[in-house]
Each structure stands twice: as structure tokens, then as C-alpha cells.
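Reviewing the structure listed below.
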Amino acid sequence: MKYETVNAGTLADNQALMVFDYTLLKDKKILIVDDNRINQIVTKKMLDKEDVICAVASNGDDAIAMIKTNAYDAVLMDINMPGKDGIETTKEIRQFNTTLPIIALTAVEIEEARSIIFNSGMTDFVVKPYDVKKFKQVIIKHIINA
């Protein structure tokens, strides 16, 4: 694996901090599922900087169709979308693909949504607005462990 653990002396209890090699994102295929055009653009721009190959779906039904016909290294799934939301979409994806990393994108307070997110079959979550470093680290963690 291309990451290293360093002692982050300023963190409480000398917690280990994982430092990821962002080049691991290069040429990875990631599906962004979000109904909000601005969120799509912002997310895609962050990933474009790391040479990620991005596809975008504006709703759950399009995402399901795209996942059935294309290979992705990960999916970034908005939770709150009109029609089929991210939770329902993920449950449907898990009926035919149990290994694809699906990372929830949520503006909701995470403590109240955590059990719903994980019970739906999602792999992890990132809270909006994104901490860019953490956002990329979460994606890498699941791509290299997939």
C-alpha cells in the first residue's frame, strides 16, 4: 500500500496520522452522484486535480444504470436527492454489486445519519463542505482496500 503512518506529535494521545500518496487517484474511475450541478462541478474539479476519470449522474436511477454498464473504482453518493435518494440507490446497487466502495456525501449532522448510512451498505462518508485533504484520503483508503 502506498501510504505511510507518521507520528503527529501535536495530535491528542500521539494519534497516528496516515499520509496518503495522492498519485494513487490517478486514472481511477469515480462516479459522482449528485442532483446539484454546483456540487457536481466542485467535486469533479477536486478530483480532476488528481487526474481522476470522473463520470456524473444526476439521480439514483442514472447512477444504477451507469454502474451496471461501467466499471468504477468508487462512487461518491449524495444522500439527499429528489426521487430515489442516496440511501435507496445504494441499497439497490448492493443487490448486484457488494464490493464497490460507495462513499456518502452529506451535509446532515453525521451522528444522526451514521447508522442509516452504514445500514444502507455505504462504505464511508464525507461531510459537506469538504475538507479537501480528508475527502481525498477517504477515497484513497477505500480504493486501495477494495
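So you can find residues: chains in the C-alpha cells are A, B, ... in the order shown, residues in each start at 1, and ligands are numbered from 1 in order.
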Within 7 Å of range 131-146 of chain A: each range 14-82 of chain A residue with its shortest pair, only C-alpha atoms, as a tab-separated table:
residue	atom	partner	partner_atom	distance
A:Phe20	CA	A:Gln137	CA	6.5
A:Leu24	CA	A:Ile140	CA	6.9
A:Leu25	CA	A:Ile140	CA	6.7
A:Asp73	CA	A:Ile143	CA	6.3
A:Ala74	CA	A:Ile143	CA	6.7
How about saving the chosen residues, N, CA, C and O atoms kept, as a compact mmCIF listing (two decimals), in the first residue's frame?
# COMPACT_ATOMS: atom_id res chain seq x y z
N PHE A 20 -1.32 9.93 2.75
CA PHE A 20 -1.55 9.19 1.53
C PHE A 20 -0.83 9.83 0.36
O PHE A 20 -0.66 11.03 0.28
N LEU A 24 -2.15 7.93 -6.12
CA LEU A 24 -2.97 6.72 -6.16
C LEU A 24 -4.33 6.97 -6.82
O LEU A 24 -4.98 6.04 -7.26
N LEU A 25 -4.74 8.23 -6.87
CA LEU A 25 -6.02 8.57 -7.51
C LEU A 25 -5.92 8.66 -9.03
O LEU A 25 -6.94 8.58 -9.72
N ASP A 73 -14.08 2.59 -9.80
CA ASP A 73 -13.27 2.27 -8.62
C ASP A 73 -13.97 2.70 -7.34
O ASP A 73 -13.69 2.15 -6.28
N ALA A 74 -14.88 3.68 -7.45
CA ALA A 74 -15.63 4.16 -6.29
C ALA A 74 -16.80 5.01 -6.77
O ALA A 74 -16.81 5.50 -7.91
>> So that I can check the surroundings of range 70-72 of chain A, please list as a list in words every protein, DNA and RNA residue that reaches within 7 Å of it, counting only C-alpha atoms and ignoring chain neighbours fewer than 6 positions away.
In response: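 The filter keeps Lys29, Ile30 and Leu31 of chain A.
CA of Asp78 in chain A to CA of Leu105 in chain A spans 4.6 Å [interatomic distance, one decimal].
Here the question is which of A:Glu111, A:Asp124, A:Glu92, A:Asp34 gets nearest to Ala55 in chain A using only C-alpha atoms, and that residue is A:Asp34.
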> How far is it from CA of Asp35 in chain A to CA of Glu50 in chain A, in Å with one decimal?
Replying inline: 23.1 Å
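With only C-alpha atoms as the atoms that count, the residue of A:Asn80, A:Thr23, A:Gln95, A:Gln40 with the shortest distance to Cys54 in chain A is A:Gln40.
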> Where does DSSP see strand (DSSP E) in range 53-83 of chain A, if you list the residues as a PyMOL selection string?
Replying inline: chain A and resi 53-57+74-78
Shell around Ala57 in chain A at 12 Å using only C-alpha atoms, local window under 3 positions removed, as a tab-separated table (two decimals) with C-alpha atoms, in the first residue's frame:
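For reference, selection_15.tsv as written:
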chain	number	residue	atom	x	y	z
A	30	ILE	CA	-15.15	7.58	-9.92
A	31	LEU	CA	-18.87	8.13	-10.34
A	32	ILE	CA	-20.22	11.30	-8.74
A	33	VAL	CA	-23.94	11.04	-7.94
A	34	ASP	CA	-25.47	14.39	-7.01
A	35	ASP	CA	-28.54	16.27	-8.21
A	36	ASN	CA	-26.96	19.68	-7.51
A	37	ARG	CA	-24.99	20.95	-10.52
A	39	ASN	CA	-21.82	20.23	-6.12
A	40	GLN	CA	-21.08	18.13	-9.21
A	41	ILE	CA	-18.71	20.79	-10.56
A	44	LYS	CA	-15.28	16.99	-10.14
A	54	CYS	CA	-14.99	11.26	-13.41
A	60	GLY	CA	-30.23	7.44	-8.46
A	61	ASP	CA	-31.73	5.73	-11.49
A	62	ASP	CA	-28.99	7.07	-13.79
A	63	ALA	CA	-26.34	6.00	-11.27
A	64	ILE	CA	-27.69	2.45	-11.13
A	65	ALA	CA	-27.76	2.19	-14.93
A	66	MET	CA	-24.20	3.56	-15.19
A	67	ILE	CA	-22.86	1.17	-12.55
A	75	VAL	CA	-18.92	6.04	-6.12
A	76	LEU	CA	-19.48	9.35	-4.34
A	77	MET	CA	-23.18	9.36	-3.42
A	78	ASP	CA	-25.19	12.36	-2.30
A	81	MET	CA	-31.69	13.71	-3.86
A	86	GLY	CA	-28.70	8.04	-1.97
A	89	THR	CA	-29.94	3.95	-4.55
>> I'd like the interatomic distance between CA of Pro101 in chain A and CA of Ile38 in chain A, to a tenth of an Å.
In response: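 Interatomic distance here is 23.3 Å.
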Compile a residue-level contact table for range 24-105 of chain A against range 117-120 of chain A at a cut-off of 9 Å, reporting for every qualifying residue the shortest atom pair and its distance in Å to one decimal, with only C-alpha atoms counted, rows ordered by chain and ascending number, as CSV.
residue,atom,partner,partner_atom,distance
A:Ile79,CA,A:Ile117,CA,8.4
A:Gly86,CA,A:Ile117,CA,9.0
A:Ile87,CA,A:Ser120,CA,5.7
A:Glu88,CA,A:Ser120,CA,7.4
A:Thr89,CA,A:Ser120,CA,8.9
A:Thr90,CA,A:Ser120,CA,6.3
A:Lys91,CA,A:Ser120,CA,5.4
A:Arg94,CA,A:Ser120,CA,8.5
A:Ala104,CA,A:Ile117,CA,7.1
Would you mind exporting all heavy atoms of the selected residues as a short mmCIF file (atom, residue, chain, number, x, y, z; two decimals), in the first residue's frame?
data_model
loop_
_atom_site.label_atom_id
_atom_site.label_comp_id
_atom_site.auth_asym_id
_atom_site.auth_seq_id
_atom_site.Cartn_x
_atom_site.Cartn_y
_atom_site.Cartn_z
N ILE A 79 -26.60 11.98 -0.37
CA ILE A 79 -27.66 11.33 0.39
C ILE A 79 -29.03 11.87 0.00
O ILE A 79 -29.96 11.12 -0.23
CB ILE A 79 -27.45 11.53 1.91
CG1 ILE A 79 -26.16 10.88 2.36
CG2 ILE A 79 -28.63 10.98 2.71
CD1 ILE A 79 -26.15 9.38 2.28
N GLY A 86 -29.95 8.80 -2.00
CA GLY A 86 -28.70 8.04 -1.97
C GLY A 86 -28.79 6.74 -1.19
O GLY A 86 -28.14 5.76 -1.52
N ILE A 87 -29.60 6.73 -0.16
CA ILE A 87 -29.77 5.53 0.66
C ILE A 87 -30.46 4.44 -0.15
O ILE A 87 -29.98 3.30 -0.23
CB ILE A 87 -30.58 5.85 1.95
CG1 ILE A 87 -29.88 6.91 2.80
CG2 ILE A 87 -30.90 4.58 2.73
CD1 ILE A 87 -28.52 6.52 3.33
N GLU A 88 -31.58 4.80 -0.77
CA GLU A 88 -32.34 3.84 -1.58
C GLU A 88 -31.51 3.37 -2.78
O GLU A 88 -31.50 2.18 -3.12
CB GLU A 88 -33.64 4.50 -2.05
CG GLU A 88 -34.59 3.56 -2.77
CD GLU A 88 -35.88 4.26 -3.18
OE1 GLU A 88 -36.17 5.35 -2.68
OE2 GLU A 88 -36.57 3.68 -4.04
N THR A 89 -30.80 4.29 -3.40
CA THR A 89 -29.94 3.95 -4.55
C THR A 89 -28.86 2.96 -4.14
O THR A 89 -28.61 1.97 -4.83
CB THR A 89 -29.30 5.23 -5.14
OG1 THR A 89 -30.34 6.12 -5.55
CG2 THR A 89 -28.42 4.90 -6.34
N THR A 90 -28.23 3.21 -3.00
CA THR A 90 -27.17 2.31 -2.52
C THR A 90 -27.73 0.92 -2.24
O THR A 90 -27.11 -0.09 -2.60
CB THR A 90 -26.50 2.90 -1.26
OG1 THR A 90 -25.90 4.14 -1.61
CG2 THR A 90 -25.44 1.95 -0.71
N LYS A 91 -28.88 0.84 -1.60
CA LYS A 91 -29.49 -0.46 -1.32
C LYS A 91 -29.72 -1.24 -2.62
O LYS A 91 -29.48 -2.45 -2.67
CB LYS A 91 -30.80 -0.28 -0.56
CG LYS A 91 -30.61 0.12 0.89
CD LYS A 91 -31.95 0.32 1.58
CE LYS A 91 -31.77 0.73 3.04
NZ LYS A 91 -33.07 0.99 3.69
N ARG A 94 -26.38 -2.50 -4.03
CA ARG A 94 -25.87 -3.62 -3.24
C ARG A 94 -26.54 -4.95 -3.61
O ARG A 94 -26.00 -6.01 -3.33
CB ARG A 94 -26.00 -3.35 -1.75
CG ARG A 94 -25.04 -2.28 -1.25
CD ARG A 94 -23.61 -2.69 -1.48
NE ARG A 94 -22.66 -1.72 -0.95
CZ ARG A 94 -21.57 -1.33 -1.60
NH1 ARG A 94 -21.28 -1.82 -2.78
NH2 ARG A 94 -20.76 -0.45 -1.06
N ALA A 104 -20.72 8.13 1.05
CA ALA A 104 -21.82 9.09 1.19
C ALA A 104 -21.27 10.51 1.25
O ALA A 104 -20.27 10.77 1.90
CB ALA A 104 -22.60 8.79 2.47
#
> For Tyr22 in chain A, which residue out of A:Asn59, A:Asp51, A:Thr106, A:Val42 is the nearest one, using only C-alpha atoms?
Replying inline: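 Checking each candidate against Tyr22 in chain A, we get A:Asp51 as the closest.
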